[in-house]
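J.: Sharing a structure here in C-alpha cells format.
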Amino acid sequence: MVDAFELRTAGQANVKTVTILGATGSVGTSTLDIIRQAPEAFQVVALTAQSNAAKLAELARAYRAKFAVIGDTSRYAELRDLLAGTGIEVAAGPEALVAAAEMPADCVVAAITGAAGLAPTFAAAGKGRRLALANKECLVAAGDVFMSAIRESGTELVPIDSEHSGAFQLLKDNNTRAVERIILTASGGPFRDWDLDRLATATPEAALKHPKWSMGPKISIDSATLMNKGLELIEAYHLFPVEARQIEVVVHPQSIIHCLVMFQDGSMLAQMSCPDMRIPISVGLAWPERLQSPVERVDLVKLQSLTFEAPDLTRFPALTLAREALERGGTAPAILNAANEVAVEGFLARRLSFLDITRTVATCLNRAEQAGMIKLPQTLEDVLEADGAGRQLARDVIGA
Ligand SMILES: NC(=O)c1ccc[n+]([C@@H]2O[C@H](COP(=O)([O-])OP(=O)(O)OC[C@H]3O[C@@H](n4cnc5c(N)ncnc54)[C@H](OP(=O)(O)O)[C@@H]3O)[C@@H](O)[C@H]2O)c1
C-alpha cells in the first residue's frame with residue numbers, strides 16, 4: 001500500500017537520505033519527529049537500537065526505513081518477526097551496527113549514548129558525508145583520533161549538542177581567528193540550589209528530573225553532576241579552533257542562551273532558542289538551509305530576565321575533573337568518560353550515592369596516572385583499550 005508519506009517523497013531529486021544510530025532514544029525520536037514534519041525533504045535509510053526491538057520495529061514501519069538493526073543479538077528474532085512481510089531488512093550485532101553506519105546516506109545522525117557509540121560513529125565518520133553528531137562521548141574519548149578520521153575522509157561534521165550547535169552557527173560565518181572566548185551555558189541541573197548535605201541524599205529519581213531538558217537517563221545524570229558540561233568542554237575543544245582556557249562555562253538556569261562567542265574586539269554573539277533539541281537537530285539535518293519548525297519560540301517580553309552565575313566547583317567538581325583530564329591529554333578523557341559511565345550506572349542501580357559518582361571518577365583518574373596508564377592514542381583500538389581500562393578501574397573502585 002502506498003501512503004501519503006511515500007507519495008510525497010518518491011522521485012524527488014533533493015530528498016535527503018538519513019540514517020539514525022540510536023533511533024529509539026531521546027535524540028533519535030526527536031530527529032524522527034523533525035522528519036515527520038518535513039516528509040518531502042527526507043527519506044530514512046537505516047534505524048538502529050540496542051535492545052528495544054518493539055520500538056525499533058514501530059519506527060522502522062512508520063518511517064519506511066530500508067534497514068533496521070538491533071545491537072543485542074538476542075533480540076534479532078523478535079525484530080525479524082515484528083518486521084516480517086514489510087520488506088525492511090533486519091540485522092543484529094555490533095558488526096551490523098557498523099554496517100548500518102556505513103550504508104550510503106546523505107546524513108548520519110550519531111545518537112547512540114556513551115562509548116558504545118564509538119565504533120558505529122567512527123564508521124560513519126569514515127565515509128565523507130554529513131555526520132550530525134550528538135554522541136559527545138566520541139569526541140571526549142577519541143578527540144584527536146576522531147577528528148583526524150573526519151578530516152581524512154572529508155566528512156562534514158555538524159554538532160547537534162545544543163551548545164555546540166550554537167557555537168557552530170555563531171562561528172560559521174565569522175573569523176574564527178578573532179575568537180577570544182567561547183562560553184557554554186549550563187542549566188545547573190535539578191540540584192543547582194542543593195547544599196552538599198542534601199546532595200549526599202540525592203536519589204536517581206530526583207536526578208533524572210531535569211528542570212529544562214527532556215533527555216535520556218545517562219545524560220540527565222551527567223547534567224545533575226555537571227559532568228555533562230565537563231564532557232561538553234572537551235567536545236568544544238575538539239570542535240572549535242580555541243585553547244581549553246578559552247572555553248568557559250556559565251550557569252544560566254533559563255536555558256535560553258546555549259552558547260556565546262566573544263571576539264577580540266569585545267563583541268559578543270549569543271545563540272538563543274527555547275530548550276528543545278529539535279532545533280539543533282534541524283540545524284544538523286538541514287544546514288545551511290533552515291527547516292520550518294513547530295517548536296516554541298522565545299518570547300523576550302514574557303521572559304523578562306535572563307540570569308547567569310558561576311558554576312559552584314565545590315558542590316559540582318566534575319567540571320574541574322573534566323578540565324584536568326583535557327589538560328592531561330592522551331587517554332585521560334577516555335578514562336574519565338569510561339569511569340563516569342560505570343559510576344552513573346552504579347548510581348542508577350543504587351550501588352553508589354550521588355556524590356560518589358564524581359569521587360569514583362577522580363579516584364580512577366588518579367589511579368590511571370599513578371599506574372602510567374595514560375598514553376597517547378593513535379587509533380580507535382587504542383581508545384577502546386583505554387575505555388576498557390577505565391571501566392575496569394571504576395569497577396574495582398566501586399567493588400562491582
Ligand atoms: N537527549 C538529549 O537531549 C541530548 C542532548 C545533547 C546530546 N545528547 C547526546 O546524544 C546521545 C544520545 O542521548 P539520548 O539522551 O538520546 O540517549 P537515550 O535516550 O538513552 O538513547 C540512546 C540510544 O542509543 C541506543 N543504545 C544504547 N546503548 C547502546 C549500545 N550499547 N549499542 C548501540 N546502541 C545503543 C539506545 O537503544 P535502546 O533504546 O534499544 O536502548 C537508544 O536508541 C548521547 O551521547 C548524549 O550525550 C543528548
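All residue names refer to the C-alpha cells as shown: chains lettered A, B, ... in order, residues numbered from 1 in each chain, ligands numbered from 1 in order.
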If you run DSSP on the backbone, which residues of stretch 210-396 of chain A are strand (DSSP E or B), as a list of chain:residue names?
T.: A:Ile247, A:Glu248, A:Val249, A:Val250, A:Val251, A:Ile257, A:His258, A:Cys259, A:Leu260, A:Val261, A:Met262, A:Phe263, A:Met268, A:Leu269, A:Ala270, A:Gln271, A:Met272, A:Glu309
J.: With C-alpha atoms kept, could you save the residues just selected as a tab-separated table (two decimals), in the first residue's frame?
T.:
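As a result, selection-v3.tsv now contains:
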```tsv
chain	number	residue	atom	x	y	z
A	247	ILE	CA	36.29	27.83	26.83
A	248	GLU	CA	34.22	28.97	29.78
A	249	VAL	CA	31.11	27.59	31.45
A	250	VAL	CA	28.39	29.81	32.89
A	251	VAL	CA	25.25	28.63	34.67
A	257	ILE	CA	21.08	31.14	25.57
A	258	HIS	CA	23.01	27.98	24.67
A	259	CYS	CA	26.32	29.44	23.68
A	260	LEU	CA	28.07	32.81	23.43
A	261	VAL	CA	31.14	33.73	21.45
A	262	MET	CA	33.26	36.71	22.43
A	263	PHE	CA	35.52	38.17	19.76
A	268	MET	CA	29.73	39.08	21.96
A	269	LEU	CA	27.24	36.99	19.97
A	270	ALA	CA	24.69	34.67	21.55
A	271	GLN	CA	22.64	31.81	20.12
A	272	MET	CA	19.19	31.62	21.68
A	309	GLU	CA	26.09	32.66	37.67
```
J.: Which residues are near A:Gly128? Cut-off 8 Å, only C-alpha atoms, ignore same chain within fewer than 3 positions. Put them as a PyMOL selection string.
T.: chain A and resi 125+150+153-156
J.: Atoms to include: N, CA and C atoms. Write the selected residues as an mmCIF file, in the first residue's frame.
T.:
```cif
data_model
loop_
_atom_site.group_PDB
_atom_site.id
_atom_site.type_symbol
_atom_site.label_atom_id
_atom_site.label_comp_id
_atom_site.auth_asym_id
_atom_site.auth_seq_id
_atom_site.Cartn_x
_atom_site.Cartn_y
_atom_site.Cartn_z
ATOM 1 N N ALA A 125 31.939 8.229 10.297
ATOM 2 C CA ALA A 125 32.882 9.336 10.069
ATOM 3 C C ALA A 125 33.858 9.041 8.941
ATOM 4 N N ILE A 150 37.734 12.326 10.626
ATOM 5 C CA ILE A 150 36.794 13.252 9.976
ATOM 6 C C ILE A 150 37.509 14.011 8.847
ATOM 7 N N SER A 153 38.596 11.774 5.753
ATOM 8 C CA SER A 153 37.506 11.293 4.889
ATOM 9 C C SER A 153 36.746 12.447 4.235
ATOM 10 N N GLY A 154 37.005 13.676 4.704
ATOM 11 C CA GLY A 154 36.260 14.821 4.168
ATOM 12 C C GLY A 154 34.820 14.858 4.666
ATOM 13 N N THR A 155 34.582 14.222 5.810
ATOM 14 C CA THR A 155 33.232 14.230 6.394
ATOM 15 C C THR A 155 32.871 15.633 6.880
ATOM 16 N N GLU A 156 31.615 15.984 6.663
ATOM 17 C CA GLU A 156 31.132 17.290 7.138
ATOM 18 C C GLU A 156 30.519 17.083 8.522
#
```
J.: What does the distance between atom CA of A:Leu291 and atom CA of A:Met147 come to in Å, to one decimal place?
T.: 27.6 Å
J.: Which residues, written as number ranges by chain, have at least one atom at most 8 Å from A:Ala134, with only C-alpha atoms counted and residues fewer than 6 positions away on the same chain left out?
T.: A: 27, 109-112, 159-161
J.: May I have the selected residues written with C-alpha atoms, as a short mmCIF file (atom, residue, chain, number, x, y, z; two decimals), in the first residue's frame?
T.:
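What ended up in out_18.cif:
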```cif
data_model
loop_
_atom_site.label_atom_id
_atom_site.label_comp_id
_atom_site.auth_asym_id
_atom_site.auth_seq_id
_atom_site.Cartn_x
_atom_site.Cartn_y
_atom_site.Cartn_z
CA VAL A 27 17.69 12.39 20.25
CA VAL A 109 22.74 11.14 12.92
CA ALA A 110 25.01 9.68 15.63
CA ALA A 111 22.77 9.41 18.70
CA ILE A 112 23.88 6.25 20.48
CA PRO A 159 27.38 19.08 16.07
CA ILE A 160 23.87 18.71 17.44
CA ASP A 161 24.60 19.09 21.12
#
```
J.: Find, counting only C-alpha atoms and all ligand atoms, the residue in A:Asn174, A:Thr17, A:Ser220, A:Gln254 that gets nearest to ligand 1.
T.: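 Smallest distance to ligand 1 is found for A:Ser220.
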J.: List all protein, DNA and RNA residues that have at least one atom no more than 7 Å from any atom of ligand 1, counting only C-alpha atoms and all ligand atoms, and write them as a count of residues only.
T.: 36
J.: Sorted by chain and rising residue number, which residues of stretch 176-287 of chain A lie within 10 Å of stretch 340-349 of chain A, and what are their closest atom pairs and distances in Å to one decimal, counting only C-alpha atoms, as a Markdown table?
T.:
```
| residue | atom | partner | partner_atom | distance |
| --- | --- | --- | --- | --- |
| A:Ala202 | CA | A:Phe347 | CA | 10.0 |
| A:Thr203 | CA | A:Phe347 | CA | 8.4 |
| A:Pro204 | CA | A:Leu348 | CA | 5.6 |
| A:Glu205 | CA | A:Leu348 | CA | 8.7 |
| A:Ala207 | CA | A:Leu348 | CA | 9.4 |
| A:Leu208 | CA | A:Leu348 | CA | 9.4 |
| A:Pro217 | CA | A:Leu348 | CA | 8.7 |
| A:Lys218 | CA | A:Val344 | CA | 6.9 |
| A:Ile219 | CA | A:Val344 | CA | 9.5 |
| A:Ile221 | CA | A:Val344 | CA | 6.9 |
| A:Asp222 | CA | A:Val344 | CA | 7.8 |
| A:Thr225 | CA | A:Val344 | CA | 9.8 |
| A:Met227 | CA | A:Asn340 | CA | 8.3 |
```
J.: Please produce a file of the residues just selected, as a short mmCIF file (atom, residue, chain, number, x, y, z; two decimals), in the first residue's frame, where the atoms kept are N, CA and C atoms.
T.:
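Full text of out_36.cif as output:
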```cif
data_model
loop_
_atom_site.label_atom_id
_atom_site.label_comp_id
_atom_site.auth_asym_id
_atom_site.auth_seq_id
_atom_site.Cartn_x
_atom_site.Cartn_y
_atom_site.Cartn_z
N ALA A 202 20.77 12.62 47.37
CA ALA A 202 20.01 12.71 46.11
C ALA A 202 19.74 11.32 45.52
N THR A 203 18.51 11.10 45.11
CA THR A 203 18.11 9.79 44.55
C THR A 203 18.17 9.83 43.02
N PRO A 204 18.23 8.67 42.37
CA PRO A 204 18.16 8.64 40.90
C PRO A 204 16.89 9.34 40.38
N GLU A 205 15.76 9.15 41.06
CA GLU A 205 14.50 9.76 40.59
C GLU A 205 14.64 11.28 40.54
N ALA A 207 17.43 12.99 40.43
CA ALA A 207 18.48 13.38 39.47
C ALA A 207 17.97 13.31 38.03
N LEU A 208 17.03 12.42 37.80
CA LEU A 208 16.52 12.26 36.42
C LEU A 208 15.52 13.35 36.04
N PRO A 217 18.47 8.82 30.22
CA PRO A 217 18.91 8.76 31.63
C PRO A 217 20.38 9.12 31.85
N LYS A 218 21.28 8.66 30.98
CA LYS A 218 22.72 8.87 31.23
C LYS A 218 23.05 10.37 31.22
N ILE A 219 22.62 11.05 30.17
CA ILE A 219 22.93 12.49 30.07
C ILE A 219 22.19 13.28 31.15
N ILE A 221 21.70 12.29 34.27
CA ILE A 221 22.53 12.20 35.49
C ILE A 221 23.78 13.06 35.32
N ASP A 222 24.36 13.02 34.11
CA ASP A 222 25.55 13.86 33.86
C ASP A 222 25.21 15.35 34.02
N THR A 225 25.26 16.13 37.80
CA THR A 225 26.60 16.24 38.41
C THR A 225 27.42 17.37 37.79
N MET A 227 28.87 16.83 35.07
CA MET A 227 29.85 16.14 34.22
C MET A 227 29.50 16.38 32.75
#
```
J.: Please provide the set of residues having any atom within 8 Å of A:Gln264, restricted to only C-alpha atoms, with same-chain residues fewer than 5 positions apart removed, written as a PyMOL selection string.
T.: chain A and resi 178-180
J.: Restrict the selected residues to N, CA and C atoms and save them as a PDB file, in the first residue's frame.
T.:
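again-v7.pdb written:
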```pdb
ATOM      1  N   ALA A 178      39.608  35.352  15.276  1.00  0.00           N
ATOM      2  CA  ALA A 178      39.353  36.501  16.158  1.00  0.00           C
ATOM      3  C   ALA A 178      38.548  36.115  17.404  1.00  0.00           C
ATOM      4  N   VAL A 179      38.357  34.824  17.616  1.00  0.00           N
ATOM      5  CA  VAL A 179      37.589  34.403  18.793  1.00  0.00           C
ATOM      6  C   VAL A 179      38.452  34.520  20.047  1.00  0.00           C
ATOM      7  N   GLU A 180      37.905  35.188  21.048  1.00  0.00           N
ATOM      8  CA  GLU A 180      38.633  35.310  22.313  1.00  0.00           C
ATOM      9  C   GLU A 180      38.178  34.234  23.296  1.00  0.00           C
TER      10      GLU A 180
END
```
J.: Considering only C-alpha atoms, return as a ChimeraX atom specification whatever protein or nucleic-acid residues lie within 12 Å of A:Gly143, sequence-local ones (same chain, fewer than 4 positions apart) excluded.
T.: /A:118,122,135-139,147-150,231-240,326,329-334,337,376-380,383
J.: Just N, CA and C atoms for this one: save the residues we selected as a compact mmCIF listing (two decimals), in the first residue's frame.
T.:
```
# COMPACT_ATOMS: atom_id res chain seq x y z
N LEU A 118 31.06 4.58 19.87
CA LEU A 118 32.35 4.87 19.21
C LEU A 118 32.50 4.16 17.86
N PHE A 122 32.49 6.14 14.37
CA PHE A 122 33.73 6.16 13.59
C PHE A 122 33.47 5.64 12.18
N ASN A 135 26.50 12.17 19.81
CA ASN A 135 27.33 11.34 20.70
C ASN A 135 28.62 12.06 21.09
N LYS A 136 28.50 12.86 22.15
CA LYS A 136 29.67 13.67 22.57
C LYS A 136 30.79 12.80 23.10
N GLU A 137 30.42 11.59 23.61
CA GLU A 137 31.44 10.71 24.20
C GLU A 137 32.51 10.35 23.17
N CYS A 138 32.13 10.35 21.90
CA CYS A 138 33.06 10.04 20.82
C CYS A 138 34.18 11.08 20.77
N LEU A 139 33.81 12.33 20.86
CA LEU A 139 34.82 13.40 20.84
C LEU A 139 35.59 13.45 22.16
N MET A 147 38.83 13.32 15.14
CA MET A 147 38.90 14.48 14.25
C MET A 147 39.82 14.20 13.04
N SER A 148 40.85 13.38 13.25
CA SER A 148 41.71 13.00 12.11
C SER A 148 40.90 12.19 11.11
N ALA A 149 40.09 11.27 11.62
CA ALA A 149 39.25 10.44 10.73
C ALA A 149 38.28 11.32 9.95
N ILE A 150 37.73 12.33 10.63
CA ILE A 150 36.79 13.25 9.98
C ILE A 150 37.51 14.01 8.85
N LEU A 231 32.08 17.20 29.87
CA LEU A 231 32.24 16.47 28.60
C LEU A 231 32.09 17.45 27.44
N GLU A 232 31.18 18.41 27.60
CA GLU A 232 30.95 19.39 26.52
C GLU A 232 32.14 20.35 26.35
N LEU A 233 32.81 20.61 27.45
CA LEU A 233 34.03 21.43 27.39
C LEU A 233 35.06 20.73 26.50
N ILE A 234 35.23 19.43 26.72
CA ILE A 234 36.20 18.66 25.93
C ILE A 234 35.72 18.58 24.47
N GLU A 235 34.41 18.40 24.31
CA GLU A 235 33.82 18.33 22.96
C GLU A 235 34.10 19.64 22.20
N ALA A 236 33.88 20.77 22.89
CA ALA A 236 34.08 22.08 22.24
C ALA A 236 35.55 22.29 21.87
N TYR A 237 36.44 21.82 22.72
CA TYR A 237 37.87 21.96 22.45
C TYR A 237 38.24 21.27 21.12
N HIS A 238 37.65 20.11 20.87
CA HIS A 238 37.98 19.39 19.63
C HIS A 238 37.25 19.95 18.41
N LEU A 239 36.09 20.56 18.66
CA LEU A 239 35.30 21.03 17.52
C LEU A 239 35.74 22.40 17.00
N PHE A 240 36.21 23.24 17.90
CA PHE A 240 36.43 24.64 17.52
C PHE A 240 37.90 25.03 17.73
N LEU A 326 41.29 17.00 30.25
CA LEU A 326 41.59 17.61 28.94
C LEU A 326 43.02 18.13 28.94
N GLY A 329 45.49 15.31 28.80
CA GLY A 329 45.55 14.84 27.40
C GLY A 329 45.66 13.34 27.28
N GLY A 330 46.05 12.86 26.11
CA GLY A 330 46.17 11.42 25.85
C GLY A 330 44.86 10.72 26.13
N THR A 331 44.96 9.56 26.81
CA THR A 331 43.74 8.78 27.07
C THR A 331 43.04 9.20 28.36
N ALA A 332 43.51 10.29 29.02
CA ALA A 332 42.86 10.71 30.27
C ALA A 332 41.35 10.99 30.08
N PRO A 333 40.94 11.72 28.99
CA PRO A 333 39.50 11.93 28.83
C PRO A 333 38.71 10.64 28.56
N ALA A 334 39.36 9.67 27.89
CA ALA A 334 38.67 8.38 27.64
C ALA A 334 38.45 7.65 28.96
N ASN A 337 35.72 9.42 30.89
CA ASN A 337 34.40 9.11 30.34
C ASN A 337 33.95 7.70 30.73
N LEU A 376 49.24 8.19 24.65
CA LEU A 376 48.73 8.94 23.50
C LEU A 376 48.06 7.97 22.53
N PRO A 377 46.73 8.03 22.38
CA PRO A 377 46.09 7.06 21.48
C PRO A 377 46.32 7.42 20.01
N GLN A 378 46.58 6.39 19.20
CA GLN A 378 46.79 6.62 17.76
C GLN A 378 45.61 6.13 16.94
N THR A 379 44.90 5.15 17.48
CA THR A 379 43.84 4.51 16.71
C THR A 379 42.60 4.33 17.58
N LEU A 380 41.50 3.96 16.91
CA LEU A 380 40.26 3.66 17.65
C LEU A 380 40.51 2.51 18.63
N VAL A 383 41.88 3.73 21.79
CA VAL A 383 40.84 4.42 22.57
C VAL A 383 39.94 3.39 23.26
```
J.: Please, what distance in Å, to one decimal, runs between atom CA of A:Leu83 and atom CA of A:Ala286?
T.: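 Computed distance, atom CA of A:Leu83 to atom CA of A:Ala286, equals 29.7 Å.
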J.: Go through A:Glu102, A:Arg297, A:Leu97, A:Glu381 and flag the residue nearest A:Ala142, using only C-alpha atoms for the distances.
T.: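 Smallest separation from A:Ala142 among the options: A:Glu381.
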J.: Extract, using only C-alpha atoms, all DNA, RNA and protein residues at most 12 Å from stretch 370-372 of chain A, discarding same-chain residues fewer than 3 positions from it, and format them as number ranges by chain.
T.: A: 330-332, 363-367, 375-376, 386, 389-390, 393
J.: Those same residues, written as a short mmCIF file (atom, residue, chain, number, x, y, z; two decimals), in the first residue's frame with N, CA and C atoms?
T.:
```cif
data_model
loop_
_atom_site.label_atom_id
_atom_site.label_comp_id
_atom_site.auth_asym_id
_atom_site.auth_seq_id
_atom_site.Cartn_x
_atom_site.Cartn_y
_atom_site.Cartn_z
N GLY A 330 46.05 12.86 26.11
CA GLY A 330 46.17 11.42 25.85
C GLY A 330 44.86 10.72 26.13
N THR A 331 44.96 9.56 26.81
CA THR A 331 43.74 8.78 27.07
C THR A 331 43.04 9.20 28.36
N ALA A 332 43.51 10.29 29.02
CA ALA A 332 42.86 10.71 30.27
C ALA A 332 41.35 10.99 30.08
N THR A 363 39.03 9.17 41.63
CA THR A 363 39.92 8.08 42.06
C THR A 363 40.47 7.33 40.85
N CYS A 364 39.63 7.07 39.87
CA CYS A 364 40.08 6.33 38.67
C CYS A 364 41.17 7.12 37.93
N LEU A 365 40.96 8.42 37.80
CA LEU A 365 41.95 9.23 37.08
C LEU A 365 43.29 9.23 37.83
N ASN A 366 43.22 9.33 39.16
CA ASN A 366 44.45 9.29 39.97
C ASN A 366 45.16 7.96 39.80
N ARG A 367 44.39 6.87 39.90
CA ARG A 367 45.00 5.54 39.79
C ARG A 367 45.60 5.33 38.40
N LYS A 375 48.15 7.24 27.99
CA LYS A 375 49.05 7.19 26.82
C LYS A 375 48.48 8.08 25.72
N LEU A 376 49.24 8.19 24.65
CA LEU A 376 48.73 8.94 23.50
C LEU A 376 48.06 7.97 22.53
N ALA A 386 41.69 1.98 26.23
CA ALA A 386 41.64 2.90 27.37
C ALA A 386 40.25 2.91 27.99
N ALA A 389 39.99 -0.11 30.10
CA ALA A 389 40.80 0.04 31.32
C ALA A 389 40.09 0.96 32.31
N GLY A 390 39.50 2.04 31.81
CA GLY A 390 38.78 2.98 32.67
C GLY A 390 37.59 2.31 33.34
N LEU A 393 38.92 0.00 36.10
CA LEU A 393 39.31 0.79 37.27
C LEU A 393 38.08 1.17 38.09
#
```
J.: Which one of A:Ser187, A:Ser353, A:Gln392, A:Thr201 sits closest to A:Ile256 if you count only C-alpha atoms?
T.: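 Closest residue, counting only C-alpha atoms: A:Ser187.
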J.: Could you pull the residues within 10 Å of A:Tyr76, counting only C-alpha atoms, minus those fewer than 2 positions along the same chain, as a PyMOL selection string?
T.: chain A and resi 51+53+69-74+78-82+90-93
J.: One decimal, Å: what's the distance from atom CA of A:Arg192 over to atom CA of A:Leu313, could you say?
T.: 11.5 Å
J.: DSSP on the backbone, then: every residue of stretch 3-160 of chain A marked helix (DSSP H, G or I), written as a ChimeraX atom specification.
T.: /A:4-9,26-37,53-62,73-82,94-102,115-125,136-153
